[in-house]
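Worksheet: one structure, shown below.
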Amino acid sequence: MSHYPKKLANIISLFESLSELERRETLIAYADQSKNYSPKEGEVFDFEDVRKDEECTDSVGIYLKMDENQRYYFKIQLGPHVQTLTRAMSSILCKGLNGITSEELQSIPQDFVPKIVGAELIRARSQTVYYLLTRLKTASQVWEKRLLRHATQ
Amino acid sequence: MFPNSNYIHPEALVSTEWLADHLIDPSLCIVESNEDILLYDTGHLPGAVHIDWRRDLQDPLIRDYIQPQDFAALCSRHGITPETTVIFYGDKSNWWSCYALWVFRLFGHTKVKVMNGGRDKWIAEGRPLTRDLPERTPSSYSIPLKRLDDEIRAFFENTLVHSHQKRPLIDVRSPGEFSGEITHMPDYPQEGVLRGGHIPGAHSVPWKRAVNEDGTFKSAEELRKIYQQELGLQLEDDVIAYCRIGERSSHTWFVLTYLLGFSHVRNYDGSWTEWGNRVGAPIEKKENHG
């Protein structure tokens, strides 16, 4: 599990130790926390990417900040029609990925999703649970290109 | 209930208000069935049980529904007897509740109803939800003699004959899916279909045309205008409805069967995920027979 950032690895490890019922309860608890990981009124970010993609049920807003050590901190805003699993995953990603470097973020494989969600809950109509990590990676790439462009101007 | 609605079977619908007054009624079992797998766990109608469209209703190894003995076990687990009136509701304007209801009908359980407007309407009206799991006494549900596949379900071969004979075939997907411009539902990821388009001869009548903004069903007059006047269907017509995996077409099946009183409507649950991938299956693109 060394290829996952430490905080995310801890969350994965926790989920892997749970029974199916406990897993569901823990996912609900994370889904309940998703509002805590959405941007607060007046909060300032380095980059915001809010959109509703054609293939997603509702809008998803990615907000990121980069500190002086070039580590990322994320917030995610979800529209009201986003599914519970995706809400849970937004909390897990914000908690598990905050403070990671760009290199660490880009190297995270998608295979942690079934480790957390479990095979029973991954199915047709729940595939958007994979979508959030892609959006976080894309947002950071766009932000870094913008930084590079400014630096070279 | 909807006694003055002009629906042919108004008894198949209950209002949120009616159900709020009948939450504790031993002759009823309230069933929530959703697309969002964890939604029930976040809160549900007091006393409602959860039926998951895949885990509870589909065979885990064959693309098919559960067998009669599994259905009997499911009902027994939830304290449902053949005399119990099962009231379904759920997310997505009741797609999955209509799907679950249709599966109950496959096993001959006829005492079924839908809560008009579904979960969203209940919540919008500020009615209570709970996370408490209901304590229902297990029942003894006799194993149905057979699954009524011949009556309300269509398979690929039935649908192919239907297409060749130019009998009424309703594609309830979005216009973009029907024309072949997209191979997924708007707002959904691609679910693994190779070709876009529709079954030759199918008429496009998206399921959504049958509902109001709040997810309730349109009036009988409005529904007749869509299906009988615009499409020219007759109540005795042999009709097949399909979508991608059979849930949206269950919604249309409910509308035609219960609200408008069509006598022979079948749901092709293999739908586009079978037809669009099937070797040798003909398709049409763009033309709209609707």
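Ordering of the structure tokens sets the chain letters (A, B, ...), residue numbers begin anew at 1 in every chain, and ligands are numbered from 1 in the order given.
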Residue contacts of Leu23 (chain B) (9 Å, only C-alpha atoms) excluding same-chain residues fewer than 6 positions away, as a PyMOL selection string: chain B and resi 29-30+45-48
Contact residues around region 265-275 of chain B with only C-alpha atoms at 8 Å, ignoring same-chain residues under 4 positions, as a list in words: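 With the cut-off at 8 Å, the set is Glu151, Ile152, Arg153, Ala154, Phe155, Phe156, Thr159, Gly192, Val193, His198, Ile199, Asp237, Asp238, Val239, Ile240, Ala241, Tyr242, Cys243, Arg244, Ile245, Gly246, Glu247, Ser249, Ser250, Trp253, Leu256, Thr257 and Ala281 of chain B.
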Export, as a tab-separated table (two decimals), in the first residue's frame, the selected residues with N, CA and C atoms.
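Output file again08.tsv follows:
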chain	number	residue	atom	x	y	z
B	151	GLU	N	-45.86	-12.97	-19.81
B	151	GLU	CA	-46.96	-11.99	-19.80
B	151	GLU	C	-46.51	-10.55	-19.84
B	152	ILE	N	-45.51	-10.20	-19.03
B	152	ILE	CA	-45.17	-8.77	-18.94
B	152	ILE	C	-43.69	-8.51	-19.25
B	153	ARG	N	-43.00	-9.53	-19.73
B	153	ARG	CA	-41.59	-9.38	-20.02
B	153	ARG	C	-41.31	-9.77	-21.47
B	154	ALA	N	-40.48	-9.02	-22.14
B	154	ALA	CA	-40.09	-9.37	-23.51
B	154	ALA	C	-38.60	-9.68	-23.54
B	155	PHE	N	-38.25	-10.68	-24.31
B	155	PHE	CA	-36.84	-11.04	-24.51
B	155	PHE	C	-36.39	-10.54	-25.88
B	156	PHE	N	-35.12	-10.71	-26.16
B	156	PHE	CA	-34.56	-10.25	-27.44
B	156	PHE	C	-35.35	-10.81	-28.62
B	159	THR	N	-38.68	-9.28	-29.12
B	159	THR	CA	-38.58	-7.89	-29.57
B	159	THR	C	-38.17	-7.83	-31.04
B	192	GLY	N	-21.04	0.82	-21.14
B	192	GLY	CA	-20.56	-0.32	-21.87
B	192	GLY	C	-21.44	-0.78	-23.02
B	193	VAL	N	-21.87	0.12	-23.86
B	193	VAL	CA	-22.62	-0.30	-25.04
B	193	VAL	C	-21.81	0.10	-26.27
B	198	HIS	N	-31.29	2.93	-32.19
B	198	HIS	CA	-32.48	2.33	-31.59
B	198	HIS	C	-32.93	1.10	-32.38
B	199	ILE	N	-33.87	0.38	-31.82
B	199	ILE	CA	-34.41	-0.82	-32.48
B	199	ILE	C	-35.23	-0.36	-33.68
B	237	ASP	N	-53.46	-2.90	-27.98
B	237	ASP	CA	-52.22	-3.16	-28.72
B	237	ASP	C	-51.22	-3.97	-27.90
B	238	ASP	N	-50.45	-4.75	-28.62
B	238	ASP	CA	-49.34	-5.51	-28.01
B	238	ASP	C	-48.13	-4.58	-28.04
B	239	VAL	N	-47.74	-4.05	-26.87
B	239	VAL	CA	-46.72	-3.00	-26.81
B	239	VAL	C	-45.49	-3.52	-26.07
B	240	ILE	N	-44.30	-3.18	-26.60
B	240	ILE	CA	-43.05	-3.46	-25.87
B	240	ILE	C	-42.35	-2.13	-25.63
B	241	ALA	N	-41.90	-1.94	-24.39
B	241	ALA	CA	-41.13	-0.74	-24.04
B	241	ALA	C	-39.71	-1.16	-23.65
B	242	TYR	N	-38.75	-0.30	-23.97
B	242	TYR	CA	-37.37	-0.60	-23.57
B	242	TYR	C	-36.60	0.69	-23.31
B	243	CYS	N	-35.47	0.54	-22.61
B	243	CYS	CA	-34.57	1.68	-22.36
B	243	CYS	C	-33.14	1.16	-22.45
B	244	ARG	N	-32.35	1.27	-21.36
B	244	ARG	CA	-30.98	0.71	-21.38
B	244	ARG	C	-30.88	-0.60	-20.61
B	245	ILE	N	-31.48	-0.61	-19.40
B	245	ILE	CA	-31.44	-1.84	-18.61
B	245	ILE	C	-32.81	-2.19	-18.04
B	246	GLY	N	-33.82	-1.47	-18.47
B	246	GLY	CA	-35.18	-1.87	-18.11
B	246	GLY	C	-35.84	-1.12	-16.98
B	247	GLU	N	-35.13	-0.13	-16.41
B	247	GLU	CA	-35.77	0.56	-15.28
B	247	GLU	C	-36.65	1.72	-15.74
B	249	SER	N	-38.00	1.92	-18.62
B	249	SER	CA	-39.14	1.33	-19.33
B	249	SER	C	-40.13	0.68	-18.37
B	250	SER	N	-39.69	0.33	-17.16
B	250	SER	CA	-40.64	-0.13	-16.14
B	250	SER	C	-41.59	1.00	-15.77
B	253	TRP	N	-43.97	1.22	-18.53
B	253	TRP	CA	-44.85	0.04	-18.41
B	253	TRP	C	-45.94	0.31	-17.37
B	256	LEU	N	-48.54	2.84	-18.80
B	256	LEU	CA	-49.44	2.26	-19.80
B	256	LEU	C	-50.38	1.24	-19.18
B	257	THR	N	-49.84	0.40	-18.30
B	257	THR	CA	-50.63	-0.69	-17.72
B	257	THR	C	-51.64	-0.20	-16.70
B	281	ALA	N	-27.76	-7.97	-34.37
B	281	ALA	CA	-28.99	-7.20	-34.13
B	281	ALA	C	-29.00	-5.94	-34.98
B:Ala72, B:Ile182, B:Leu129, B:Met115 ranked by distance to chain A, top pick (using only C-alpha atoms):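 Nearest to chain A: B:Ile182.
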DSSP alpha helix (DSSP H) residues within region 3-150 of chain A, as a PyMOL selection string: chain A and resi 6-16+20-32+84-97+102-106+112-117+131-150
At most 12 Å to chain A: residues in chain B, only C-alpha atoms, as a PyMOL selection string: chain B and resi 34-43+52-56+60+91-92+96+120+131+182-192+244-245+247+273
Residue subset to file, keeping N, CA and C atoms, as a compact mmCIF listing (two decimals), in the first residue's frame:
# COMPACT_ATOMS: atom_id res chain seq x y z
N ASN B 34 -34.09 2.35 -4.88
CA ASN B 34 -33.39 3.52 -5.43
C ASN B 34 -32.31 3.15 -6.42
N GLU B 35 -31.90 4.15 -7.17
CA GLU B 35 -30.67 4.02 -7.94
C GLU B 35 -29.45 4.25 -7.03
N ASP B 36 -29.54 5.26 -6.17
CA ASP B 36 -28.48 5.58 -5.22
C ASP B 36 -28.46 4.48 -4.15
N ILE B 37 -27.41 3.67 -4.20
CA ILE B 37 -27.36 2.44 -3.40
C ILE B 37 -27.44 2.70 -1.89
N LEU B 38 -26.89 3.83 -1.46
CA LEU B 38 -26.84 4.10 -0.03
C LEU B 38 -27.92 5.07 0.45
N LEU B 39 -28.78 5.47 -0.45
CA LEU B 39 -29.74 6.52 -0.09
C LEU B 39 -30.68 6.09 1.03
N TYR B 40 -31.15 4.86 0.99
CA TYR B 40 -32.04 4.35 2.05
C TYR B 40 -31.35 4.49 3.41
N ASP B 41 -30.05 4.17 3.45
CA ASP B 41 -29.32 4.21 4.73
C ASP B 41 -29.21 5.63 5.28
N THR B 42 -29.32 6.64 4.40
CA THR B 42 -29.20 8.03 4.89
C THR B 42 -30.51 8.52 5.49
N GLY B 43 -31.58 7.75 5.34
CA GLY B 43 -32.89 8.13 5.86
C GLY B 43 -33.98 7.66 4.93
N ASP B 52 -33.08 -3.66 -2.93
CA ASP B 52 -32.03 -3.19 -3.83
C ASP B 52 -32.24 -3.86 -5.19
N TRP B 53 -32.27 -3.05 -6.24
CA TRP B 53 -32.63 -3.58 -7.56
C TRP B 53 -31.66 -4.65 -8.04
N ARG B 54 -30.42 -4.58 -7.64
CA ARG B 54 -29.50 -5.61 -8.11
C ARG B 54 -29.33 -6.74 -7.09
N ARG B 55 -28.97 -6.37 -5.86
CA ARG B 55 -28.70 -7.41 -4.85
C ARG B 55 -29.91 -8.29 -4.58
N ASP B 56 -31.10 -7.67 -4.50
CA ASP B 56 -32.28 -8.41 -4.09
C ASP B 56 -33.11 -8.99 -5.24
N PRO B 60 -27.32 -13.38 -9.12
CA PRO B 60 -25.92 -12.90 -9.07
C PRO B 60 -25.03 -13.45 -10.18
N ASP B 91 -36.08 7.04 -5.48
CA ASP B 91 -35.50 8.24 -6.10
C ASP B 91 -35.78 8.24 -7.61
N LYS B 92 -35.24 9.22 -8.29
CA LYS B 92 -35.32 9.28 -9.76
C LYS B 92 -36.76 9.18 -10.28
N TRP B 96 -36.90 3.19 -10.12
CA TRP B 96 -36.54 1.90 -9.53
C TRP B 96 -37.67 1.31 -8.73
N ASP B 120 -38.47 12.20 -3.48
CA ASP B 120 -38.21 13.64 -3.55
C ASP B 120 -39.43 14.46 -3.11
N ARG B 131 -33.52 6.87 10.21
CA ARG B 131 -32.49 5.88 9.91
C ARG B 131 -32.74 4.57 10.66
N ILE B 182 -25.55 9.85 -28.61
CA ILE B 182 -24.84 9.49 -27.39
C ILE B 182 -25.14 8.03 -27.06
N THR B 183 -24.20 7.40 -26.35
CA THR B 183 -24.41 6.00 -25.99
C THR B 183 -24.56 5.85 -24.47
N HIS B 184 -24.87 6.96 -23.81
CA HIS B 184 -25.13 6.92 -22.38
C HIS B 184 -26.27 7.88 -22.10
N MET B 185 -26.88 7.72 -20.92
CA MET B 185 -27.89 8.69 -20.53
C MET B 185 -27.23 10.02 -20.29
N PRO B 186 -27.93 11.14 -20.60
CA PRO B 186 -27.39 12.42 -20.18
C PRO B 186 -27.16 12.39 -18.67
N ASP B 187 -26.04 12.90 -18.22
CA ASP B 187 -25.67 12.95 -16.78
C ASP B 187 -25.18 11.61 -16.23
N TYR B 188 -24.94 10.64 -17.09
CA TYR B 188 -24.46 9.34 -16.61
C TYR B 188 -23.22 8.92 -17.39
N PRO B 189 -22.38 8.11 -16.77
CA PRO B 189 -21.23 7.61 -17.51
C PRO B 189 -21.63 6.57 -18.53
N GLN B 190 -20.75 6.30 -19.46
CA GLN B 190 -20.95 5.24 -20.45
C GLN B 190 -21.00 3.90 -19.71
N GLU B 191 -22.00 3.11 -20.02
CA GLU B 191 -22.18 1.85 -19.29
C GLU B 191 -21.87 0.65 -20.16
N GLY B 192 -21.04 0.82 -21.14
CA GLY B 192 -20.56 -0.32 -21.87
C GLY B 192 -21.44 -0.78 -23.02
N ARG B 244 -32.35 1.27 -21.36
CA ARG B 244 -30.98 0.71 -21.38
C ARG B 244 -30.88 -0.60 -20.61
N ILE B 245 -31.48 -0.61 -19.40
CA ILE B 245 -31.44 -1.84 -18.61
C ILE B 245 -32.81 -2.19 -18.04
N GLU B 247 -35.13 -0.13 -16.41
CA GLU B 247 -35.77 0.56 -15.28
C GLU B 247 -36.65 1.72 -15.74
N THR B 273 -28.66 -2.28 -23.59
CA THR B 273 -27.37 -2.90 -23.24
C THR B 273 -27.27 -4.30 -23.82
